[in-house]
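Structure file query25.csv (CSV, C-alpha atoms) is printed below.
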chain,number,residue,atom,x,y,z
A,363,MET,CA,97.6,138.1,59.7
A,364,THR,CA,100.7,139.6,58.2
A,365,SER,CA,100.9,140.6,54.6
A,366,GLU,CA,103.3,137.8,53.9
A,367,GLY,CA,100.7,135.4,55.5
A,368,ASN,CA,98.1,136.8,53.2
A,369,VAL,CA,100.3,136.3,50.2
A,370,TYR,CA,101.0,132.7,51.2
A,371,ARG,CA,97.3,132.0,51.8
A,372,ARG,CA,96.3,133.4,48.4
A,373,VAL,CA,99.1,131.6,46.6
A,374,LEU,CA,98.5,128.2,48.2
A,375,ARG,CA,94.7,128.5,47.6
A,376,ARG,CA,95.4,129.3,43.9
A,377,GLU,CA,98.0,126.6,43.5
A,378,THR,CA,95.9,123.8,45.0
A,379,HIS,CA,92.8,124.6,42.8
A,380,ALA,CA,92.4,124.5,39.0
A,381,SER,CA,92.2,128.0,37.4
A,382,ARG,CA,89.7,126.9,34.7
A,383,THR,CA,91.6,129.2,32.3
A,384,ALA,CA,92.0,126.6,29.5
A,385,PRO,CA,88.2,125.7,29.1
A,386,ALA,CA,87.3,129.4,29.5
A,387,VAL,CA,89.7,130.5,26.8
A,388,VAL,CA,88.4,127.8,24.4
A,389,VAL,CA,84.8,128.9,25.1
A,390,ALA,CA,85.6,132.6,24.7
A,391,ALA,CA,87.5,131.9,21.4
A,392,VAL,CA,84.6,129.8,20.0
A,393,LEU,CA,82.1,132.5,21.0
A,394,LEU,CA,84.3,135.3,19.5
A,395,LEU,CA,84.7,133.4,16.2
A,396,ALA,CA,80.9,132.8,16.0
A,397,ILE,CA,80.2,136.5,16.7
A,398,LEU,CA,82.8,137.6,14.1
A,399,ALA,CA,81.3,135.1,11.5
A,400,GLY,CA,77.7,136.2,12.2
A,401,GLY,CA,78.6,139.9,12.2
A,402,GLY,CA,80.7,139.6,9.0
A,403,LEU,CA,77.9,137.8,7.2
A,404,THR,CA,75.4,140.5,8.3
A,405,VAL,CA,77.6,143.4,7.1
A,406,TRP,CA,78.4,141.6,3.8
A,407,ALA,CA,74.7,140.9,3.3
A,408,GLY,CA,74.0,144.6,3.8
A,409,LEU,CA,76.6,145.7,1.3
A,410,ASP,CA,76.6,143.2,-1.5
A,411,ALA,CA,74.3,140.9,-3.5
A,412,GLY,CA,76.7,138.0,-3.1
A,413,GLY,CA,76.6,138.4,0.7
A,414,ARG,CA,72.8,138.5,0.6
A,415,ASP,CA,72.8,135.2,-1.4
A,416,LEU,CA,75.0,133.5,1.1
A,417,ALA,CA,73.0,134.9,4.1
A,418,GLY,CA,69.9,133.6,2.4
A,419,ARG,CA,71.4,130.2,1.9
A,420,VAL,CA,72.6,130.0,5.5
A,421,GLY,CA,69.2,131.1,6.7
A,422,ALA,CA,67.5,128.3,4.6
A,423,VAL,CA,69.9,125.7,5.9
A,424,LEU,CA,69.2,126.8,9.5
A,425,GLU,CA,65.4,126.8,8.9
A,426,ASP,CA,65.6,123.3,7.5
A,427,ALA,CA,67.6,122.1,10.5
A,428,VAL,CA,65.1,123.6,12.9
A,429,ARG,CA,62.3,121.6,11.2
A,430,ASN,CA,64.3,118.3,11.1
A,431,PRO,CA,63.6,116.3,14.3
A,432,VAL,CA,66.9,114.2,14.0
A,433,VAL,CA,69.0,117.4,13.7
A,434,LEU,CA,67.1,118.9,16.7
A,435,SER,CA,67.6,115.8,18.8
A,436,VAL,CA,71.3,115.6,18.1
A,437,THR,CA,71.6,119.4,18.8
A,438,ALA,CA,69.7,119.0,22.1
A,439,ALA,CA,71.9,116.1,23.2
A,440,VAL,CA,75.2,117.8,22.2
A,441,ALA,CA,74.2,121.1,23.7
A,442,ALA,CA,73.0,119.5,27.0
A,443,LEU,CA,76.3,117.5,27.2
A,444,ILE,CA,78.5,120.5,26.7
A,445,GLY,CA,76.3,122.6,28.9
A,446,ILE,CA,76.5,120.1,31.8
A,447,VAL,CA,80.3,119.8,31.4
A,448,LEU,CA,80.7,123.6,31.4
A,449,LEU,CA,78.4,124.0,34.5
A,450,GLY,CA,80.4,121.3,36.2
A,451,LEU,CA,83.7,123.1,35.5
A,452,ALA,CA,82.2,126.4,36.7
A,453,LEU,CA,80.8,125.1,40.0
A,454,SER,CA,83.1,122.2,41.1
A,455,PRO,CA,85.9,123.2,43.4
A,456,GLY,CA,88.6,121.8,41.0
A,457,ARG,CA,91.0,120.6,43.6
A,458,ARG,CA,94.4,119.7,42.2
A,459,ALA,CA,96.4,116.7,43.5
A,460,ARG,CA,98.6,118.9,45.7
A,461,ARG,CA,98.7,120.0,49.2
A,462,GLY,CA,100.3,123.0,50.8
A,463,ARG,CA,101.2,124.6,54.1
A,464,ALA,CA,103.0,127.7,55.2
A,465,THR,CA,106.4,127.0,56.8
A,466,GLY,CA,108.4,129.4,58.9
A,467,ARG,CA,110.2,131.0,55.9
A,468,ALA,CA,108.2,130.0,52.9
A,469,ALA,CA,105.0,128.4,51.6
A,470,LEU,CA,105.4,124.7,50.9
A,471,LEU,CA,103.5,123.1,48.0
A,472,VAL,CA,103.9,119.3,47.4
A,473,ASP,CA,102.4,117.3,44.5
A,474,ASP,CA,100.5,114.2,45.8
A,475,GLY,CA,102.7,112.1,43.5
A,476,VAL,CA,105.8,113.2,45.3
A,477,LEU,CA,104.3,112.5,48.7
A,478,ALA,CA,103.0,109.1,47.5
A,479,ASP,CA,106.5,108.2,46.3
A,480,ALA,CA,108.1,109.2,49.6
A,481,VAL,CA,105.5,107.2,51.6
A,482,ALA,CA,106.0,104.1,49.3
A,483,ALA,CA,109.8,104.3,49.6
A,484,ALA,CA,109.5,104.6,53.5
A,485,VAL,CA,107.1,101.7,53.7
A,486,ALA,CA,109.2,99.5,51.4
A,487,ALA,CA,112.3,100.2,53.4
A,488,ARG,CA,110.6,99.5,56.7
A,489,CYS,CA,109.0,96.2,55.5
A,490,GLY,CA,112.1,95.0,53.7
A,491,LEU,CA,110.3,94.9,50.3
A,492,ALA,CA,111.2,96.1,46.9
A,493,ARG,CA,109.9,99.6,46.1
A,494,ARG,CA,107.7,98.2,43.3
A,495,GLN,CA,105.8,96.0,45.8
A,496,VAL,CA,104.3,99.1,47.5
A,497,VAL,CA,101.7,101.2,45.8
A,498,VAL,CA,100.5,104.4,47.5
A,499,THR,CA,97.6,106.7,46.4
A,500,MET,CA,97.1,109.9,48.2
A,501,ALA,CA,93.4,110.6,48.8
A,502,ARG,CA,92.3,114.0,50.1
A,503,ARG,CA,92.4,113.0,53.8
A,504,ARG,CA,94.0,109.5,53.6
A,505,ALA,CA,97.0,107.7,52.2
A,506,ASP,CA,96.0,104.4,50.7
A,507,VAL,CA,99.0,102.0,51.0
A,508,ARG,CA,98.7,98.7,49.1
A,509,ILE,CA,101.5,96.2,49.9
A,510,ARG,CA,102.1,93.0,47.8
A,511,PRO,CA,104.1,90.8,50.2
A,512,ILE,CA,106.7,88.1,49.5
A,513,SER,CA,104.8,84.8,49.5
A,514,GLY,CA,105.1,83.2,52.9
A,515,VAL,CA,106.6,86.2,54.6
A,516,ALA,CA,104.4,88.2,57.0
A,517,VAL,CA,104.3,91.9,56.6
A,518,ASP,CA,104.5,94.2,59.7
A,519,GLU,CA,101.3,96.2,59.1
A,520,HIS,CA,101.8,98.4,62.2
A,521,GLY,CA,105.4,99.2,61.1
A,522,ALA,CA,104.1,100.0,57.6
A,523,LYS,CA,101.6,102.5,59.1
A,524,GLU,CA,104.3,104.0,61.3
A,525,ALA,CA,106.6,104.4,58.3
A,526,ALA,CA,103.9,106.1,56.3
A,527,VAL,CA,103.0,108.5,59.1
A,528,SER,CA,106.6,109.5,59.7
A,529,ALA,CA,107.3,110.0,56.0
A,530,LEU,CA,104.4,112.4,55.8
A,531,SER,CA,105.1,114.2,59.1
A,532,ALA,CA,108.7,114.7,58.0
A,533,LEU,CA,107.2,117.1,55.4
A,534,GLY,CA,104.7,118.5,57.8
A,535,PHE,CA,101.6,116.8,56.4
A,536,SER,CA,99.2,114.3,58.0
A,537,ALA,CA,97.0,111.9,56.2
A,538,PRO,CA,96.0,108.7,58.2
A,539,PRO,CA,97.3,105.7,56.2
A,540,ALA,CA,95.0,102.9,55.3
A,541,VAL,CA,97.2,99.9,54.8
A,542,THR,CA,96.0,96.9,52.6
A,543,ILE,CA,98.1,93.8,52.4
A,544,LEU,CA,97.2,92.0,49.2
A,545,PRO,CA,96.3,88.3,49.6
A,546,GLN,CA,98.5,87.2,46.7
A,547,GLY,CA,102.2,87.6,47.2
A,548,VAL,CA,105.2,87.5,44.9
A,549,LEU,CA,108.2,85.2,44.8
A,550,SER,CA,111.2,87.1,45.9
B,150,MET,CA,100.9,132.0,40.4
B,151,ASN,CA,99.8,134.2,37.5
B,152,ALA,CA,97.4,137.1,37.8
B,153,THR,CA,94.4,135.6,36.0
B,154,ASN,CA,91.0,136.6,37.4
B,155,ARG,CA,89.7,133.1,38.1
B,156,ILE,CA,86.1,134.2,39.0
B,157,ALA,CA,85.8,135.6,35.5
B,158,ASN,CA,86.7,132.2,34.1
B,159,ARG,CA,84.0,130.5,36.1
B,160,ILE,CA,81.4,133.2,35.4
B,161,LEU,CA,81.9,132.7,31.6
B,162,LEU,CA,81.7,128.9,31.8
B,163,PHE,CA,78.6,129.2,34.0
B,164,VAL,CA,76.8,131.6,31.7
B,165,VAL,CA,77.7,129.7,28.5
B,166,GLY,CA,76.8,126.4,30.2
B,167,LEU,CA,73.4,127.7,31.2
B,168,GLY,CA,72.8,129.1,27.7
B,169,LEU,CA,73.6,125.7,26.1
B,170,LEU,CA,71.2,124.0,28.5
B,171,ALA,CA,68.5,126.5,27.5
B,172,VAL,CA,69.2,125.7,23.8
B,173,ALA,CA,69.1,122.0,24.6
B,174,ALA,CA,65.7,122.4,26.4
B,175,ALA,CA,64.3,124.4,23.5
B,176,ALA,CA,65.4,121.9,20.9
B,177,LEU,CA,64.1,119.0,23.0
B,178,LEU,CA,60.7,120.8,23.4
B,179,ALA,CA,60.5,121.1,19.6
B,180,VAL,CA,60.8,117.3,19.0
B,181,LEU,CA,59.1,115.7,22.0
B,182,PRO,CA,55.6,114.4,21.0
B,183,MET,CA,54.1,114.6,24.6
B,184,PRO,CA,51.1,116.9,25.1
B,185,LEU,CA,53.0,118.8,27.8
B,186,ALA,CA,55.8,119.5,25.3
B,187,ARG,CA,53.2,120.6,22.8
B,188,ASP,CA,51.7,123.1,25.2
B,189,ALA,CA,55.1,124.4,26.2
B,190,ARG,CA,56.0,124.6,22.5
B,191,ARG,CA,52.9,126.7,21.8
B,192,VAL,CA,53.7,129.1,24.7
B,193,LEU,CA,57.3,129.4,23.4
B,194,ASP,CA,56.1,130.0,19.9
B,195,ASP,CA,53.8,132.7,21.1
B,196,VAL,CA,56.5,134.4,23.1
B,197,LEU,CA,58.9,134.2,20.2
B,198,ARG,CA,56.3,135.6,17.8
B,199,GLN,CA,55.4,138.4,20.2
B,200,THR,CA,59.1,139.3,20.7
B,201,GLN,CA,59.6,139.3,16.9
B,202,THR,CA,56.6,141.6,16.4
B,203,THR,CA,57.7,144.0,19.2
B,204,LEU,CA,61.2,144.1,17.8
B,205,ASP,CA,60.0,144.7,14.2
B,206,ALA,CA,57.6,147.5,15.4
B,207,TRP,CA,60.4,149.1,17.4
B,208,GLY,CA,62.9,148.7,14.5
B,209,GLU,CA,60.5,150.5,12.1
B,210,GLY,CA,61.4,153.8,13.9
B,211,LEU,CA,65.1,153.2,13.7
B,212,PRO,CA,67.1,154.7,10.9
B,213,HIS,CA,68.6,152.3,8.2
B,214,LEU,CA,72.4,152.4,8.0
B,215,GLY,CA,74.2,151.5,4.8
B,216,GLY,CA,71.5,149.3,3.5
B,217,LEU,CA,71.1,147.4,6.9
B,218,PRO,CA,67.8,147.7,8.8
B,219,GLY,CA,68.0,149.4,12.3
B,220,THR,CA,67.5,146.2,14.2
B,221,ALA,CA,70.5,144.5,12.4
B,222,VAL,CA,72.6,147.6,13.2
B,223,LEU,CA,71.7,147.3,16.8
B,224,ALA,CA,72.4,143.6,16.8
B,225,LEU,CA,75.8,144.3,15.2
B,226,ALA,CA,76.6,146.9,17.8
B,227,ALA,CA,75.7,144.5,20.6
B,228,GLY,CA,77.9,141.9,18.8
B,229,VAL,CA,80.8,144.3,18.7
B,230,VAL,CA,80.5,145.1,22.4
B,231,VAL,CA,80.4,141.3,23.3
B,232,ALA,CA,83.3,140.6,20.9
B,233,VAL,CA,85.4,143.4,22.5
B,234,LEU,CA,84.6,142.1,26.0
B,235,LEU,CA,85.6,138.6,24.9
B,236,LEU,CA,88.8,139.9,23.4
B,237,VAL,CA,89.7,141.7,26.6
B,238,PHE,CA,88.9,138.5,28.5
B,239,LEU,CA,91.2,136.5,26.2
B,240,LEU,CA,94.0,139.0,26.4
B,241,SER,CA,93.8,139.4,30.2
B,242,ARG,CA,94.5,135.7,31.0
B,243,GLY,CA,97.8,134.9,32.5
B,244,GLY,CA,100.3,137.7,33.2
B,245,GLY,CA,101.6,138.8,36.6
B,246,ARG,CA,105.2,137.6,35.8
B,247,THR,CA,107.9,140.1,36.8
B,248,ALA,CA,111.6,140.2,36.1
B,249,GLU,CA,112.4,142.6,39.0
B,250,LEU,CA,112.3,141.2,42.5
B,251,VAL,CA,114.0,143.9,44.6
B,252,ARG,CA,114.0,147.7,44.1
B,253,ASP,CA,115.8,149.7,46.7
B,254,ARG,CA,115.6,153.5,46.4
B,255,THR,CA,118.1,155.6,48.3
B,256,PRO,CA,119.1,159.2,47.8
B,257,ALA,CA,122.3,157.9,46.2
B,258,GLY,CA,120.4,155.9,43.6
B,259,THR,CA,118.3,152.9,43.0
B,260,THR,CA,119.4,149.3,43.3
B,261,THR,CA,117.4,146.5,41.6
B,262,ALA,CA,117.8,142.7,41.6
B,263,ASP,CA,116.6,140.6,38.8
B,264,SER,CA,114.9,137.2,39.2
B,265,SER,CA,118.0,135.6,37.7
B,266,VAL,CA,119.9,136.6,40.9
B,267,ALA,CA,117.3,134.7,42.9
B,268,GLU,CA,117.6,131.8,40.5
B,269,ALA,CA,121.4,131.6,41.0
B,270,VAL,CA,121.1,131.8,44.8
B,271,LEU,CA,118.1,129.5,45.2
B,272,THR,CA,118.8,126.8,42.7
B,273,THR,CA,122.6,126.3,42.8
B,274,PRO,CA,122.6,124.3,46.1
B,275,LEU,CA,119.7,122.1,44.9
B,276,ARG,CA,121.2,121.4,41.5
B,277,GLU,CA,124.2,120.0,43.1
B,278,ARG,CA,122.2,117.3,44.7
B,279,ALA,CA,122.0,113.9,42.9
B,280,ASP,CA,118.4,113.4,43.9
B,281,VAL,CA,117.1,116.6,42.3
B,282,LEU,CA,116.1,116.4,38.6
B,283,SER,CA,115.6,120.1,38.1
B,284,SER,CA,115.0,123.3,40.0
B,285,THR,CA,113.7,126.5,38.5
B,286,VAL,CA,112.7,129.9,39.7
B,287,GLN,CA,109.9,132.1,38.5
B,288,ALA,CA,109.0,135.6,39.9
B,289,PHE,CA,105.4,136.9,40.1
B,290,ARG,CA,103.6,139.8,41.6
B,291,VAL,CA,101.0,138.6,44.2
B,292,ARG,CA,98.9,141.3,45.8
B,293,ARG,CA,101.4,143.8,44.3
B,294,VAL,CA,104.2,142.1,46.2
B,295,PRO,CA,107.0,140.4,44.2
B,296,ALA,CA,107.1,136.7,45.1
B,297,VAL,CA,109.3,133.8,44.0
B,298,ARG,CA,108.2,130.3,43.0
B,299,LEU,CA,111.0,127.8,43.5
B,300,ALA,CA,110.0,124.5,41.7
B,301,VAL,CA,112.0,121.5,42.6
B,302,VAL,CA,111.5,118.1,40.8
B,303,PRO,CA,113.0,115.3,43.0
B,304,ARG,CA,114.0,111.9,41.7
B,305,SER,CA,112.0,109.0,42.9
B,306,GLY,CA,113.2,108.0,46.4
B,307,ALA,CA,114.8,111.3,47.1
B,308,GLY,CA,115.4,112.5,50.7
B,309,LEU,CA,112.7,115.1,50.7
B,310,ALA,CA,113.4,116.3,54.3
B,311,GLU,CA,117.1,117.0,53.3
B,312,ILE,CA,115.9,118.8,50.1
B,313,LEU,CA,113.6,120.9,52.2
B,314,ALA,CA,116.4,121.8,54.6
B,315,ASP,CA,118.7,122.8,51.7
B,316,ALA,CA,116.0,124.8,50.1
B,317,ASP,CA,115.3,126.5,53.5
B,318,GLU,CA,119.0,127.4,53.8
B,319,ALA,CA,119.0,128.8,50.2
B,320,ILE,CA,115.9,130.9,50.9
B,321,GLU,CA,117.6,132.3,54.0
B,322,ASP,CA,120.7,133.2,51.9
B,323,TRP,CA,118.5,134.9,49.3
B,324,ARG,CA,116.7,136.9,52.0
B,325,ALA,CA,120.0,138.0,53.5
B,326,LEU,CA,121.2,139.0,50.1
B,327,ALA,CA,118.0,140.8,49.0
B,328,GLY,CA,117.5,142.5,52.3
B,329,THR,CA,113.8,142.1,52.1
B,330,PRO,CA,111.6,139.2,53.1
B,331,THR,CA,110.4,138.2,49.6
B,332,PRO,CA,107.7,135.6,49.9
B,333,VAL,CA,108.9,132.3,48.5
B,334,LEU,CA,106.7,129.3,47.4
B,335,LEU,CA,108.7,126.1,47.4
B,336,HIS,CA,107.0,123.6,45.1
B,337,LEU,CA,108.1,119.9,45.2
B,338,ALA,CA,106.7,118.9,41.8
B,339,ASP,CA,106.0,115.6,40.1
B,340,ARG,CA,108.0,114.7,37.1
B,341,SER,CA,106.2,116.0,34.0
B,342,GLY,CA,106.8,116.3,30.3
B,343,PHE,CA,110.4,115.6,29.3
B,344,GLU,CA,111.3,114.8,33.0
B,345,ARG,CA,109.2,111.6,32.8
B,346,LEU,CA,111.6,110.3,30.1
B,347,ARG,CA,114.5,110.6,32.5
B,348,SER,CA,115.5,107.9,34.9
B,349,ALA,CA,113.3,107.8,38.0
B,350,SER,CA,115.8,106.1,40.2
B,351,ARG,CA,119.2,107.1,41.5
B,352,VAL,CA,122.4,105.3,40.8
B,353,ARG,CA,124.9,105.6,43.5

In C-alpha cells, write the structure found in this file.
Amino acid sequence: MTSEGNVYRRVLRRETHASRTAPAVVVAAVLLLAILAGGGLTVWAGLDAGGRDLAGRVGAVLEDAVRNPVVLSVTAAVAALIGIVLLGLALSPGRRARRGRATGRAALLVDDGVLADAVAAAVAARCGLARRQVVVTMARRRADVRIRPISGVAVDEHGAKEAAVSALSALGFSAPPAVTILPQGVLS
Amino acid sequence: MNATNRIANRILLFVVGLGLLAVAAAALLAVLPMPLARDARRVLDDVLRQTQTTLDAWGEGLPHLGGLPGTAVLALAAGVVVAVLLLVFLLSRGGGRTAELVRDRTPAGTTTADSSVAEAVLTTPLRERADVLSSTVQAFRVRRVPAVRLAVVPRSGAGLAEILADADEAIEDWRALAGTPTPVLLHLADRSGFERLRSASRVR
C-alpha cells in the first residue's frame, strides 16, 4: 500500500468513528479538580488551624455518609450508572453515521444524511411522488426506504429499488434498499 | 482529522469506569443485608484495616514535612504526578492543524504554499454552484504528511455526482498547482448548526 493509501485508510477510519475526546476531557477535568481540591485541603490542613478545622469537618461529613445506608445506596446507583456509561464509551466501536471510500484522487467521506437525501430524491423522482412522501434511513448495511403513496395510485416498488441502488452507486456506495410501501396513502 | 491519541481517551474512560464500578460494588456491599454481603464486608473491612496498619507502620519511618505526616506527603506527591499526567492529557487533545501545505526547497530558495491557496483553488468552483451551501478547507498533518479536508455541504436534492466531478477537477487543479500529490479528503457533510436554518431546497 502506498503512503497516500495509508493516509487515506487512517483518515477514513478516524472520520467514521467517534474520537471519545469530549467524555474523556470531562472525566479528566473532573478528576483533576477533585485531586486539586483534595491536595489543597491536605496542604492547608498541614499549615494552618483553619485548614485542619475544615479537613476535620469534611472528614466527619464523609464518615457520616459512609454510615448512612440511603447515601450509600444512592452513591452505589450513581457510581454504577456512570461507570457503565464510561465502560460502554470505552469499549463500543462508536461508529458515526458516515461512510467513506478511497477514490482515484481523494478519499470520499459522505454523511449518511446526505446519502439518504440523495436516495429519497431519486426514489421520489422515479415514482412521481413529492419528496416529502419518501423517507430514507441509512442503516449500516441497508437503506430503508419508506414510501407513502398517493391514495389509489400503485407505486412501482421495483423502480423505487432501482432508483435507490443507482443513486447510491453514483457515489460509489452500495447498501441494498429495503422498500416499504405504507398502507395508508395521501391525497395528492 | 486532528492528532488526538484516541486510545488514550478510551483507556482513561475504561480505567475511571472500572474504578466507579468498584466504588459502586463496595457501597452496595456496605448496605446489603444478605449473609453473603456480610461475609464479603467482613473480608473487605479486614483488608482495609490491614492496609491501614501496614501504611501507618510504614509511614512511621518516613520524615514529617512541614507539619504533614510522611504518608500524607507521599499521597500528595502521587496526587501531583496524577494531576500533571491529567493536565498533559488535557493539553494534548486536538492539534495537528497546519497552515503550510507545501514546502519546496531548492538551492535558489524555499517556496511555501499556505492552506488559503488550497482554499481558493478547491472551493471557488464549488461555491459557484447553486446546490452547494458551503465549502471549506482545513489542513492537517496526518502521519507527518500535510493533508487537506475539503468539506462540502450540499443543499437538499443537490446533484451529488456533479458536485463530486467538480470537486475532482478542483483537486486535480490544486495538485497541478502544488506540484505534490497532497492527500485530500472530500467530505459531503450534512447541514449542521447555522446551516440548518438556511433553506433546504433550491429555487430555480

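If all atoms listed in the file are the atoms counted, then among B:Leu334, B:Val229, B:Ala248, B:Ala175 the closest residue to chain A is B:Leu334.
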
Within 8 Å of chain A, which residues of chain B show up? Give each one with its shortest atom-to-atom distance in Å (one decimal) and the two atoms involved, counting all atoms listed in the file, rows by chain then rising residue number, as a tab-separated table.
residue	atom	partner	partner_atom	distance
B:Met150	CA	A:Val373	CA	6.5
B:Thr153	CA	A:Thr383	CA	7.9
B:Arg155	CA	A:Ser381	CA	5.7
B:Asn158	CA	A:Ala386	CA	5.4
B:Arg159	CA	A:Ala452	CA	4.5
B:Ile160	CA	A:Ala452	CA	7.0
B:Leu161	CA	A:Ala386	CA	6.7
B:Leu162	CA	A:Leu448	CA	5.4
B:Phe163	CA	A:Leu449	CA	5.2
B:Val165	CA	A:Gly445	CA	7.2
B:Gly166	CA	A:Gly445	CA	4.0
B:Leu167	CA	A:Gly445	CA	6.3
B:Gly168	CA	A:Gly445	CA	7.5
B:Leu169	CA	A:Gly445	CA	5.0
B:Leu170	CA	A:Ala442	CA	5.1
B:Val172	CA	A:Ala441	CA	6.8
B:Ala173	CA	A:Ala438	CA	4.0
B:Ala174	CA	A:Ala438	CA	6.8
B:Ala175	CA	A:Ala438	CA	7.8
B:Ala176	CA	A:Ala438	CA	5.3
B:Leu177	CA	A:Ala438	CA	5.7
B:Ala179	CA	A:Leu434	CA	7.5
B:Val180	CA	A:Pro431	CA	5.6
B:Gly215	CA	A:Gly408	CA	7.0
B:Gly216	CA	A:Gly408	CA	5.3
B:Leu217	CA	A:Gly408	CA	5.1
B:Ala221	CA	A:Thr404	CA	7.5
B:Leu225	CA	A:Gly401	CA	6.0
B:Gly228	CA	A:Ile397	CA	6.2
B:Ala232	CA	A:Leu394	CA	5.6
B:Leu235	CA	A:Ala390	CA	6.0
B:Leu236	CA	A:Leu394	CA	7.5
B:Phe238	CA	A:Ala390	CA	7.8
B:Leu239	CA	A:Val387	CA	6.2
B:Arg242	CA	A:Thr383	CA	7.2
B:Val291	CA	A:Val369	CA	6.5
B:Arg292	CA	A:Val369	CA	6.8
B:Pro303	CA	A:Val476	CA	7.8
B:Ser305	CA	A:Asp479	CA	6.5
B:Gly306	CA	A:Ala483	CA	6.0
B:Ala307	CA	A:Ala480	CA	7.5
B:Leu309	CA	A:Leu533	CA	7.5
B:Ala310	CA	A:Ala532	CA	6.2
B:Asp317	CA	A:Arg467	CA	7.2
B:Ile320	CA	A:Arg467	CA	7.6
B:Glu321	CA	A:Arg467	CA	7.7
B:Pro332	CA	A:Glu366	CA	6.3
B:Val333	CA	A:Ala468	CA	5.0
B:Leu334	CA	A:Ala469	CA	4.6
B:Leu335	CA	A:Leu470	CA	5.0
B:His336	CA	A:Leu471	CA	4.6
B:Leu337	CA	A:Val472	CA	4.8
B:Ala338	CA	A:Asp473	CA	5.3
B:Asp339	CA	A:Val476	CA	5.7

### Query
Hey, what's within 8 Å of segment 265-268 of chain B if we count all atoms listed in the file and toss same-chain stuff fewer than 4 positions away? As an MDAnalysis selection string, please?
chainID B and resid 272:273 285:287 323

### Query
So what do you get for atom CA of Asp205 of chain B versus atom CA of Leu223 of chain B, distance-wise?
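Between atom CA of Asp205 of chain B and atom CA of Leu223 of chain B the gap is 12.3 Å.
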
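Atom CA of Ser341 of chain B lies 26.9 Å from atom CA of Ala525 of chain A.
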
### Task
In the coordinates of the file, take the point (96.6, 106.5, 52.6) and a cut-off of 8 Å; then, counting only C-alpha atoms, name each qualifying protein, DNA or RNA residue as a list in words.
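Output of the proximity query reads Val498, Thr499, Met500, Ala501, Arg503, Arg504, Ala505, Asp506, Val507, Ala537, Pro538, Pro539, Ala540 and Val541 of chain A.
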
Which neighbours of segment 542-549 of chain A fall inside 6 Å, counting only C-alpha atoms, when residues of the same chain fewer than 4 positions from it are skipped, and could you give them as a PDB file with C-alpha atoms, in the frame of the given file?
ATOM      1  CA  ARG A 508      98.700  98.700  49.100  1.00  0.00           C
ATOM      2  CA  ILE A 509     101.500  96.200  49.900  1.00  0.00           C
ATOM      3  CA  ARG A 510     102.100  93.000  47.800  1.00  0.00           C
ATOM      4  CA  PRO A 511     104.100  90.800  50.200  1.00  0.00           C
ATOM      5  CA  ILE A 512     106.700  88.100  49.500  1.00  0.00           C
ATOM      6  CA  SER A 513     104.800  84.800  49.500  1.00  0.00           C
TER       7      SER A 513
END

### Top pick for closest residue to Glu318 of chain B, considering B:Val164, B:Ser264, B:Val270, B:Thr220 and counting all atoms listed in the file
B:Val270

## Note on the structure
One decimal place gives the atom CA of Thr331 of chain B-atom CA of Ile312 of chain B separation as 20.2 Å

### Query
Can you tell me, as a PyMOL selection string, what residues are no more than 10 Å from Cys489 of chain A when counting only C-alpha atoms, ignoring any on the same chain fewer than 6 positions away?
chain A and resi 496+509+511+516-519+521-522+525

### Of the listed residues B:Ala327, B:Ala186, B:Val230, B:Leu250, that which approaches Arg293 of chain B most closely, counting all atoms listed in the file
B:Leu250

Grab all the atoms of segment 377-381 of chain A that the file lists, wrap them in a box along x, y and z, add 4 Å per side, and give me centre plus edge lengths in Å (one decimal) as lines of an AutoDock Vina configuration file.
center_x = 95.1
center_y = 125.9
center_z = 41.2
size_x = 13.8
size_y = 12.2
size_z = 15.6
